[in-house]
Number of protein chains: 2
Amino acid sequence: MTREQAEQALAECRRKIDQLDLELRALLNRRAEIAEEIVRAKIVLGVPVRQPKREDEVIGKVTGENPGPLGADGLRRIFECIMQEIRELESSRLPEDKPEGTPDPKGIPEW
Amino acid sequence: MTREQAEQALAECRRKIDQLDLELRALLNRRAEIAEEIVRAKIVLGVPVRQPKREDEVIGKVTGENPGPLGADGLRRIFECIMQEIRELESSRLPEDKPEGTPDPKGIPEW
């Protein structure tokens, strides 16, 4: 690889990364939207919003049959970070008078 | 929303999340592959592998014109986590006798 080829490769790779990051952001925002629907359903069912067993299941699905190059530990840390940020978003939107997991007798919460 | 509707919504949302997580994993692995190509180019060019200014640019692109619901701070933390894991993957693959940023006079490294 010559210097010129390396410069071209670097610029091309950065364009690809920028495009890919916007796709990642779209998926992350979509995931956060679905997580909000899940919270609504859980409140109606009166089950806790946070369910560590389900979080373990999510990590297991992501790290299983993974082609790489990211390894299981790296993926686990990234998905833990994603779930943590989505939880923080959810708790910032929970009504203050509704503790996590409280069933709502009236049905759908307004938020 | 009745209990039955909430149970159905919960199951459907979880199916969507599982599918979406596999798409996220594919993009993350693709990003890691491109990052490896970038490291090769940087070694040929003799520039440091880690370039904090470019990392700031990446975060700026992702947090700019973001439709949400994830906010800029949450996205920044997620992308910092992603970049951190990809850096760790890269350093685990760098040859021990080649310090970060050392130009390779022979061209492409073998890894």
# chains A, B, ... in the order shown; residues from 1 in each chain; ligands from 1
call {"tool": "select_by_dssp", "arguments": {"residues": "chain A", "states": "alpha helix (DSSP H)", "output": "JSON, numbers by chain"}}
result
{"A": [3, 4, 5, 6, 7, 8, 9, 10, 11, 12, 13, 14, 15, 16, 17, 18, 19, 20, 21, 22, 23, 24, 25, 26, 27, 28, 29, 30, 31, 32, 33, 34, 35, 36, 37, 38, 39, 40, 41, 42, 43, 44, 45, 52, 53, 54, 55, 56, 57, 58, 59, 60, 61, 62, 63, 72, 73, 74, 75, 76, 77, 78, 79, 80, 81, 82, 83, 84, 85, 86, 87, 88, 89, 90, 91, 92, 93]}
call {"tool": "residues_around", "arguments": {"residues": "Ala26 (chain A)", "least_positions_apart": "6", "cutoff": "10 Å", "atoms": "only C-alpha atoms", "output": "mmCIF file with all heavy atoms, in the first residue's frame"}}
result
data_model
loop_
_atom_site.group_PDB
_atom_site.id
_atom_site.type_symbol
_atom_site.label_atom_id
_atom_site.label_comp_id
_atom_site.auth_asym_id
_atom_site.auth_seq_id
_atom_site.Cartn_x
_atom_site.Cartn_y
_atom_site.Cartn_z
ATOM 1 N N LEU A 20 -22.437 4.553 8.562
ATOM 2 C CA LEU A 20 -22.820 3.448 9.436
ATOM 3 C C LEU A 20 -23.280 3.957 10.814
ATOM 4 O O LEU A 20 -24.219 3.421 11.407
ATOM 5 C CB LEU A 20 -21.592 2.544 9.550
ATOM 6 C CG LEU A 20 -21.750 1.134 10.042
ATOM 7 C CD1 LEU A 20 -20.686 0.248 9.402
ATOM 8 C CD2 LEU A 20 -21.600 1.089 11.536
ATOM 9 N N ALA A 32 -35.055 2.462 21.626
ATOM 10 C CA ALA A 32 -35.557 3.245 22.764
ATOM 11 C C ALA A 32 -37.074 3.427 22.661
ATOM 12 O O ALA A 32 -37.784 3.390 23.669
ATOM 13 C CB ALA A 32 -34.853 4.604 22.812
ATOM 14 N N LEU B 24 -28.167 -4.463 15.110
ATOM 15 C CA LEU B 24 -27.167 -3.624 15.783
ATOM 16 C C LEU B 24 -25.818 -4.349 15.832
ATOM 17 O O LEU B 24 -24.778 -3.768 15.527
ATOM 18 C CB LEU B 24 -27.600 -3.324 17.228
ATOM 19 C CG LEU B 24 -28.509 -2.123 17.459
ATOM 20 C CD1 LEU B 24 -28.978 -2.093 18.908
ATOM 21 C CD2 LEU B 24 -27.788 -0.811 17.142
ATOM 22 N N VAL B 62 -22.999 12.288 15.223
ATOM 23 C CA VAL B 62 -24.062 11.428 15.739
ATOM 24 C C VAL B 62 -25.073 12.213 16.582
ATOM 25 O O VAL B 62 -26.270 11.939 16.546
ATOM 26 C CB VAL B 62 -23.439 10.267 16.564
ATOM 27 C CG1 VAL B 62 -24.473 9.611 17.422
ATOM 28 C CG2 VAL B 62 -22.807 9.253 15.626
ATOM 29 N N ASN B 66 -30.277 15.048 15.698
ATOM 30 C CA ASN B 66 -30.745 13.755 16.209
ATOM 31 C C ASN B 66 -32.250 13.821 16.515
ATOM 32 O O ASN B 66 -32.674 14.635 17.320
ATOM 33 C CB ASN B 66 -29.965 13.420 17.485
ATOM 34 C CG ASN B 66 -30.583 12.290 18.272
ATOM 35 O OD1 ASN B 66 -31.026 11.300 17.698
ATOM 36 N ND2 ASN B 66 -30.625 12.432 19.597
ATOM 37 N N PRO B 67 -33.044 12.951 15.887
ATOM 38 C CA PRO B 67 -34.498 13.007 16.110
ATOM 39 C C PRO B 67 -34.928 12.442 17.475
ATOM 40 O O PRO B 67 -36.068 12.634 17.878
ATOM 41 C CB PRO B 67 -35.055 12.134 14.981
ATOM 42 C CG PRO B 67 -33.959 11.170 14.660
ATOM 43 C CD PRO B 67 -32.680 11.908 14.912
ATOM 44 N N GLY B 68 -34.037 11.757 18.182
ATOM 45 C CA GLY B 68 -34.403 11.159 19.473
ATOM 46 C C GLY B 68 -35.196 9.876 19.295
ATOM 47 O O GLY B 68 -35.320 9.390 18.170
ATOM 48 N N LEU B 70 -33.524 9.105 22.145
ATOM 49 C CA LEU B 70 -32.285 9.182 22.919
ATOM 50 C C LEU B 70 -31.697 10.583 22.771
ATOM 51 O O LEU B 70 -31.664 11.134 21.665
ATOM 52 C CB LEU B 70 -31.279 8.145 22.418
ATOM 53 C CG LEU B 70 -31.509 6.715 22.893
ATOM 54 C CD1 LEU B 70 -30.675 5.736 22.057
ATOM 55 C CD2 LEU B 70 -31.160 6.548 24.369
#
call {"tool": "residues_around", "arguments": {"residues": "Glu12 (chain B)", "least_positions_apart": "5", "cutoff": "12 Å", "atoms": "only C-alpha atoms", "output": "number ranges by chain"}}
result
A: 34-35, 37-38, 41; B: 5-7, 17-19
